[in-house]
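Here's the structure we're looking at; comments come further down.
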Amino acid sequence: MVKICTECKKEFEGSAKTRLCPECKEKHRKAADALQREKHRNQPLVKCEWCGRLFTRKKNEKKCEACRKEGRYGSPQMVAHSKREPPKVSINGVLKIADKDGTTYGKAVLEHNI
């Protein structure tokens, strides 16, 4: 199908949806690539939340690649506050205490501060 380029008004062979001749299409592709390279070059350096290393941010990253590979999730502040002590007695241990005392599970937990 013979089409007319919307940029340079030359005739060319193309499908129904093409609007640019091959030369103009190549110019547009090169311009888009140059814009993408420039955008990539101007990315800001940010500090990693975990280790403090500087890295170039992609999208909305807050951790450097090394910390992501180590599997560090969340922010360091959240992790510091979320550390809990392991339970003193297991569920089965509490059940044994409740059976021995002749009370329910809930009362055994409250009485023995488990």
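Ligands are numbered from 1 in the order shown, residues from 1 within each chain, and chains are lettered A, B, ... in the order they appear in the structure tokens.
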
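Residues with any atom within 10 Å of region 88-97 of chain A, counting only C-alpha atoms and excluding same-chain neighbours fewer than 2 positions away, are Glu85, Pro86, Asp99, Lys100, Asp101, Gly102, Thr103, Thr104, Tyr105, Gly106, Ala108, Val109, His112, Asn113 and Ile114 of chain A.
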
Kindly export the residues of the current selection with C-alpha atoms, as an mmCIF file, in the first residue's frame.
```
data_model
loop_
_atom_site.group_PDB
_atom_site.id
_atom_site.type_symbol
_atom_site.label_atom_id
_atom_site.label_comp_id
_atom_site.auth_asym_id
_atom_site.auth_seq_id
_atom_site.Cartn_x
_atom_site.Cartn_y
_atom_site.Cartn_z
ATOM 1 C CA GLU A 85 11.866 -11.806 71.904
ATOM 2 C CA PRO A 86 11.048 -15.439 71.189
ATOM 3 C CA ASP A 99 -3.692 -29.452 82.117
ATOM 4 C CA LYS A 100 -1.569 -29.672 85.271
ATOM 5 C CA ASP A 101 -3.324 -26.657 86.846
ATOM 6 C CA GLY A 102 -6.759 -27.765 85.649
ATOM 7 C CA THR A 103 -7.422 -24.428 83.871
ATOM 8 C CA THR A 104 -7.921 -23.262 80.303
ATOM 9 C CA TYR A 105 -5.193 -22.192 77.893
ATOM 10 C CA GLY A 106 -6.023 -18.488 78.239
ATOM 11 C CA ALA A 108 -2.697 -20.422 82.078
ATOM 12 C CA VAL A 109 -1.153 -17.760 79.827
ATOM 13 C CA HIS A 112 2.064 -17.519 84.354
ATOM 14 C CA ASN A 113 2.770 -14.306 82.325
ATOM 15 C CA ILE A 114 3.652 -16.251 79.195
#
```

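Of the listed residues A:Glu49, A:Leu20, A:Glu65, A:Lys58, the one whose atoms come nearest to Lys3 (chain A) is A:Leu20, with distances taken using only C-alpha atoms.
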
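When CA of Glu13 (chain A) is paired with CA of Ala31 (chain A), their separation reads 23.1 Å.
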
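By only C-alpha atoms, and with residues fewer than 6 positions from Cys51 (chain A) along its chain excluded, the set lying at most 12 Å from it is Lys62, Lys63, Cys64, Glu65, Ala66, Cys67, Arg68, Glu70, Arg72, Ser75 and Pro76 of chain A.
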
Would you please extract all alpha helix (DSSP H) residues from chain A, as assigned by DSSP on the backbone, and give them as a ChimeraX atom specification? /A:22-41,65-70,76-81,91-101,105-111

Residues from the last selection, C-alpha atoms, saved as a CSV table (one decimal), in the first residue's frame:
```
chain,number,residue,atom,x,y,z
A,22,PRO,CA,11.8,4.3,6.9
A,23,GLU,CA,14.2,7.3,6.9
A,24,CYS,CA,12.1,9.5,9.2
A,25,LYS,CA,11.3,6.4,11.4
A,26,GLU,CA,15.1,5.9,11.8
A,27,LYS,CA,15.5,9.6,12.7
A,28,HIS,CA,12.8,9.4,15.3
A,29,ARG,CA,14.3,6.2,16.8
A,30,LYS,CA,17.8,7.8,17.1
A,31,ALA,CA,16.3,10.9,18.7
A,32,ALA,CA,14.4,8.8,21.2
A,33,ASP,CA,17.5,6.8,22.0
A,34,ALA,CA,19.6,9.9,22.5
A,35,LEU,CA,16.9,11.3,24.8
A,36,GLN,CA,16.9,8.1,26.8
A,37,ARG,CA,20.7,8.1,27.1
A,38,GLU,CA,20.6,11.7,28.3
A,39,LYS,CA,17.9,10.9,30.9
A,40,HIS,CA,20.0,7.9,32.1
A,41,ARG,CA,23.1,10.1,32.4
A,65,GLU,CA,22.1,-3.6,44.5
A,66,ALA,CA,24.3,-5.3,47.1
A,67,CYS,CA,21.7,-4.8,49.9
A,68,ARG,CA,18.9,-6.0,47.6
A,69,LYS,CA,20.8,-9.1,46.7
A,70,GLU,CA,21.4,-9.8,50.5
A,76,PRO,CA,16.6,-0.1,59.0
A,77,GLN,CA,14.4,1.9,61.5
A,78,MET,CA,11.5,-0.5,61.1
A,79,VAL,CA,13.6,-3.5,61.5
A,80,ALA,CA,15.2,-2.1,64.7
A,81,HIS,CA,11.7,-1.6,66.3
A,91,ILE,CA,2.1,-23.7,72.8
A,92,ASN,CA,2.4,-27.3,73.8
A,93,GLY,CA,4.2,-26.3,77.0
A,94,VAL,CA,1.4,-23.9,77.9
A,95,LEU,CA,-1.2,-26.7,77.2
A,96,LYS,CA,0.7,-29.0,79.6
A,97,ILE,CA,0.7,-26.3,82.3
A,98,ALA,CA,-3.0,-25.7,81.8
A,99,ASP,CA,-3.7,-29.5,82.1
A,100,LYS,CA,-1.6,-29.7,85.3
A,101,ASP,CA,-3.3,-26.7,86.8
A,105,TYR,CA,-5.2,-22.2,77.9
A,106,GLY,CA,-6.0,-18.5,78.2
A,107,LYS,CA,-6.0,-18.6,82.1
A,108,ALA,CA,-2.7,-20.4,82.1
A,109,VAL,CA,-1.2,-17.8,79.8
A,110,LEU,CA,-2.4,-14.9,82.1
A,111,GLU,CA,-1.5,-16.6,85.4
```

Quick check for you: according to DSSP on this backbone, which residues of chain A are classed as strand (DSSP E)? Reply as a PyMOL selection string. chain A and resi 2-4+11-13+45-47+54-56

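One finds CA of Gly71 (chain A) at 17.8 Å from CA of Arg57 (chain A).
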
Please compute the CA of Asn60 (chain A)-CA of Val46 (chain A) distance, one decimal, in Å. 10.5 Å
